[in-house]
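*Asks:* The structure's right below; bear with me while I get my questions together.
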Amino acid sequence: MEEKTRVRRGIAMTLLGGMLWGLNGTVSGYLMGAYDVDPLWFACVRELLSCWLFLIPAWAASRSSLHEVVSSPKNLLWIFCVSLSAILSSQVAYMKAIYWTNPATATVIQSLGMLFVLAYVCIAARRPPRKREVLGIVCALAGTYLIATGGRSGQLALPASGVVWGVLLAVSYACLSALPKRAIERFGNFTVNGLAFLMSGLSLVPFARPWEHMPDFDLAGAALFSFCIVLGTFGSYALFLQGAKDAGPVRASLLGTIEPVTATVATVLWLKTSLSGADLLGFALILAMVILTSHVNEN
């Protein structure tokens, strides 16, 4: 019974975390459009503020792990590499992809990172893709084609910048899925994410120079930006990672499809973004790819 309760709790946390991340993308897209927020400013400030929501509980609950990292140059370098390759790249690419496309498209394209995870697993295991994985690859390629061209051969339905940032987002999502795992197992979720977010935010400061172009938020804008920090970033990461641990990686991959579904529904209903039939079919094919390739997380 204890095992069943743990799995049920994990499923609930994974779903809630995924929904929050999907809503986070839509809210971020709204803020960038309505308040002319620069994507780099958004990523930098959000990371510098949300990191403390991880670090304070980490300090309170597991000071030894936090001290083990910050007192060792080798461990700090390890976390810094995770920060640059996984956190910074995924955060910046996600915001840029939203800016150049829309929250629904960016969140769905993010799921293509599963293809890079699959490629890594096949190379590491020295095996070819299995039948269902090949079908997943075909679905992903067909879905990407439909989203990029709108089903019209020979022309892009997305801006070239959106395509480039979408590809970078998929690669960085694959890195985010794999690279922090060993560090989190050793030092804990909150310690690793808190330090990685802090390092990533500080690395962006010279480029974003956030003090030079502060957005003119009113009360509603400030409340939505606070949502992105507290629930959209801290809440989604904390809930999803804990949920994946309790429910298992395959269930987490399948349940994670709630992210693009939530982002799509919110983008259409709230932002009134019109999506074509080709877009929706492309989205469905990419979600099918996630389901078909979800088991690679166990390899």
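Letters A, B, ... mark the chains of the structure tokens in the order given; residue numbers begin at 1 per chain; ligand numbers begin at 1, in order shown.
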Which residues of region 166-212 of chain A have any atom within 12 Å of an atom in region 113-120 of chain A when counting only C-alpha atoms, and what is the closest pair of atoms for each, with the distance in Å to one decimal? Order the rows by chain and rising number and write it as JSON lines.

*Replies:*
```
{"residue": "A:Gly166", "atom": "CA", "partner": "A:Gly113", "partner_atom": "CA", "distance": 10.1}
{"residue": "A:Val167", "atom": "CA", "partner": "A:Gly113", "partner_atom": "CA", "distance": 8.7}
{"residue": "A:Leu168", "atom": "CA", "partner": "A:Gly113", "partner_atom": "CA", "distance": 9.3}
{"residue": "A:Leu169", "atom": "CA", "partner": "A:Gly113", "partner_atom": "CA", "distance": 7.7}
{"residue": "A:Ala170", "atom": "CA", "partner": "A:Gly113", "partner_atom": "CA", "distance": 4.1}
{"residue": "A:Val171", "atom": "CA", "partner": "A:Gly113", "partner_atom": "CA", "distance": 5.5}
{"residue": "A:Ser172", "atom": "CA", "partner": "A:Gly113", "partner_atom": "CA", "distance": 7.4}
{"residue": "A:Tyr173", "atom": "CA", "partner": "A:Gly113", "partner_atom": "CA", "distance": 5.3}
{"residue": "A:Ala174", "atom": "CA", "partner": "A:Gly113", "partner_atom": "CA", "distance": 4.6}
{"residue": "A:Cys175", "atom": "CA", "partner": "A:Val117", "partner_atom": "CA", "distance": 8.2}
{"residue": "A:Leu176", "atom": "CA", "partner": "A:Gly113", "partner_atom": "CA", "distance": 9.3}
{"residue": "A:Ser177", "atom": "CA", "partner": "A:Val117", "partner_atom": "CA", "distance": 8.0}
{"residue": "A:Ala178", "atom": "CA", "partner": "A:Val117", "partner_atom": "CA", "distance": 7.8}
{"residue": "A:Leu179", "atom": "CA", "partner": "A:Val117", "partner_atom": "CA", "distance": 10.9}
```

*Asks:* DSSP on the backbone: what in region 106-174 of chain A comes out alpha helix (DSSP H), as a PyMOL selection string?

*Replies:* chain A and resi 106-110+113-125+131-149+160-174

*Asks:* Find the residues around Ala140 (chain A) up to 10 Å (only C-alpha atoms counted), leave out those fewer than 6 positions away in its own chain, and share them as JSON, numbers by chain.

*Replies:* {"A": [109, 111, 112, 114, 115, 134, 146, 282, 283, 284, 285, 286, 287, 288, 289, 290]}

*Asks:* To one decimal place in Å, what is the distance between CA of Ser28 (chain A) and CA of Arg152 (chain A)?

*Replies:* 29.3 Å

*Asks:* Restricting the calculation to only C-alpha atoms: of A:Ala220, A:Arg8, A:Asp36, A:Thr26, which residue gets closest to Leu269 (chain A)?

*Replies:*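 Comparing A:Ala220, A:Arg8, A:Asp36, A:Thr26 against Leu269 (chain A), the winner is A:Thr26.
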